[in-house]
Amino acid sequence: MKRKKVLILLLFVFLSSSKLFALNISLGASFDLSSIWVRPVNMSGDLRVDILDNLRVRVPLSFYKGTYNNLFTISAVVDYSPFDRYTGMFFGFALAELGLLYKGGGNMRMLFMNELQVGFRQSAFNNYVFFESILSLRDPFFAFNQQYKEINSSIPSYTKVKFMLNVGVNFDLFKKKTTKRTTTTKKKT
């Protein structure tokens, strides 16, 4: 637990100490395909900030609805794209993931979780729209096994493996605009 706090603090210091690192900000919405077979269907959204050409930080927000219980999750995921920022394979790791499990009768429980992700990203319309398919493994190191069992018993659609389709929009806020200048030469007489 202490290690996660230190990692998050180091990431925050790294981002804030540099001059406007953000090259790109993205918003996305995802559809959890693994929840088709176990009802109800789960949807989520995320905010992304590219901090380097191959490194992205995502903040996914998800809501899982069960018959009597609900789960809200928020996490900080770091994505590494070894090939290209806009297209190709990427790997994601949740630095921290927090879940709020609301059980009937006003009981709310805070749970800690973890995820490993592998995905493929494709961009269109001059890299303004992106499409992703993400395979996510929840609690890959069995560090939060008890929390996972509690969530899974309360919400059956919360499975160990999930496959998501993600669609979103990139906003290049800090993209430098280039203007062409025409030069004229005057002849000296």
# chains A, B, ... in the order shown; residues from 1 in each chain; ligands from 1
>>> select_by_dssp(residues="segment 30-187 of chain A", states="helix (DSSP H, G or I)", output="PyMOL selection string")
chain A and resi 33-35+145-154
>>> residues_around(residues="Gly105 of chain A", least_positions_apart="4", cutoff="12 Å", atoms="only C-alpha atoms", output="ChimeraX atom specification")
/A:68-70
>>> closest_atom_pairs(of="segment 96-140 of chain A", to="segment 154-170 of chain A", cutoff="10 Å", atoms="only C-alpha atoms", output="CSV")
residue,atom,partner,partner_atom,distance
A:Leu101,CA,A:Ser154,CA,8.7
A:Tyr102,CA,A:Ser154,CA,9.5
A:Lys103,CA,A:Ser154,CA,8.1
A:Glu115,CA,A:Lys160,CA,9.5
A:Leu116,CA,A:Val161,CA,9.9
A:Gln117,CA,A:Lys162,CA,9.5
A:Val118,CA,A:Phe163,CA,9.8
A:Gly119,CA,A:Met164,CA,9.2
A:Phe120,CA,A:Leu165,CA,10.0
A:Arg121,CA,A:Asn166,CA,9.0
A:Gln122,CA,A:Val167,CA,9.8
A:Ser123,CA,A:Val169,CA,9.4
A:Ala124,CA,A:Val169,CA,9.8
A:Asn126,CA,A:Asn170,CA,9.9
A:Asn127,CA,A:Asn170,CA,7.1
A:Tyr128,CA,A:Asn170,CA,4.8
A:Val129,CA,A:Val169,CA,4.6
A:Phe130,CA,A:Gly168,CA,5.4
A:Phe131,CA,A:Val167,CA,4.7
A:Glu132,CA,A:Asn166,CA,4.8
A:Ser133,CA,A:Leu165,CA,4.7
A:Ile134,CA,A:Met164,CA,5.1
A:Leu135,CA,A:Phe163,CA,4.6
A:Ser136,CA,A:Lys162,CA,5.2
A:Leu137,CA,A:Val161,CA,4.8
A:Arg138,CA,A:Lys160,CA,5.2
A:Asp139,CA,A:Lys160,CA,7.4
A:Pro140,CA,A:Lys160,CA,8.7
>>> write_last_selection(atoms="C-alpha atoms", output="CSV table (one decimal), in the first residue's frame")
chain,number,residue,atom,x,y,z
A,101,LEU,CA,-19.1,-1.3,-3.4
A,102,TYR,CA,-22.6,-0.2,-2.4
A,103,LYS,CA,-24.6,-2.9,-0.8
A,115,GLU,CA,-5.4,-4.7,-13.5
A,116,LEU,CA,-3.0,-5.6,-16.3
A,117,GLN,CA,-4.1,-4.7,-19.8
A,118,VAL,CA,-3.0,-5.5,-23.3
A,119,GLY,CA,-4.7,-3.6,-26.2
A,120,PHE,CA,-4.6,-2.5,-29.8
A,121,ARG,CA,-5.3,1.0,-30.8
A,122,GLN,CA,-6.3,2.3,-34.3
A,123,SER,CA,-6.8,6.0,-35.2
A,124,ALA,CA,-8.8,7.6,-37.9
A,126,ASN,CA,-6.1,12.5,-38.8
A,127,ASN,CA,-5.7,10.9,-35.4
A,128,TYR,CA,-8.7,12.7,-33.9
A,129,VAL,CA,-10.8,9.5,-33.4
A,130,PHE,CA,-9.4,6.3,-31.8
A,131,PHE,CA,-10.7,2.8,-31.6
A,132,GLU,CA,-9.3,0.3,-29.0
A,133,SER,CA,-9.8,-3.3,-28.1
A,134,ILE,CA,-8.5,-4.0,-24.6
A,135,LEU,CA,-8.1,-7.4,-22.9
A,136,SER,CA,-7.8,-6.8,-19.1
A,137,LEU,CA,-6.8,-9.3,-16.4
A,138,ARG,CA,-8.1,-8.3,-13.0
A,139,ASP,CA,-5.9,-9.0,-9.9
A,140,PRO,CA,-3.2,-10.7,-11.9
>>> closest_residue(among="A:Asn42, A:Ser62, A:Asn54, A:Asn107", to="Phe90 of chain A", atoms="only C-alpha atoms")
A:Asn54
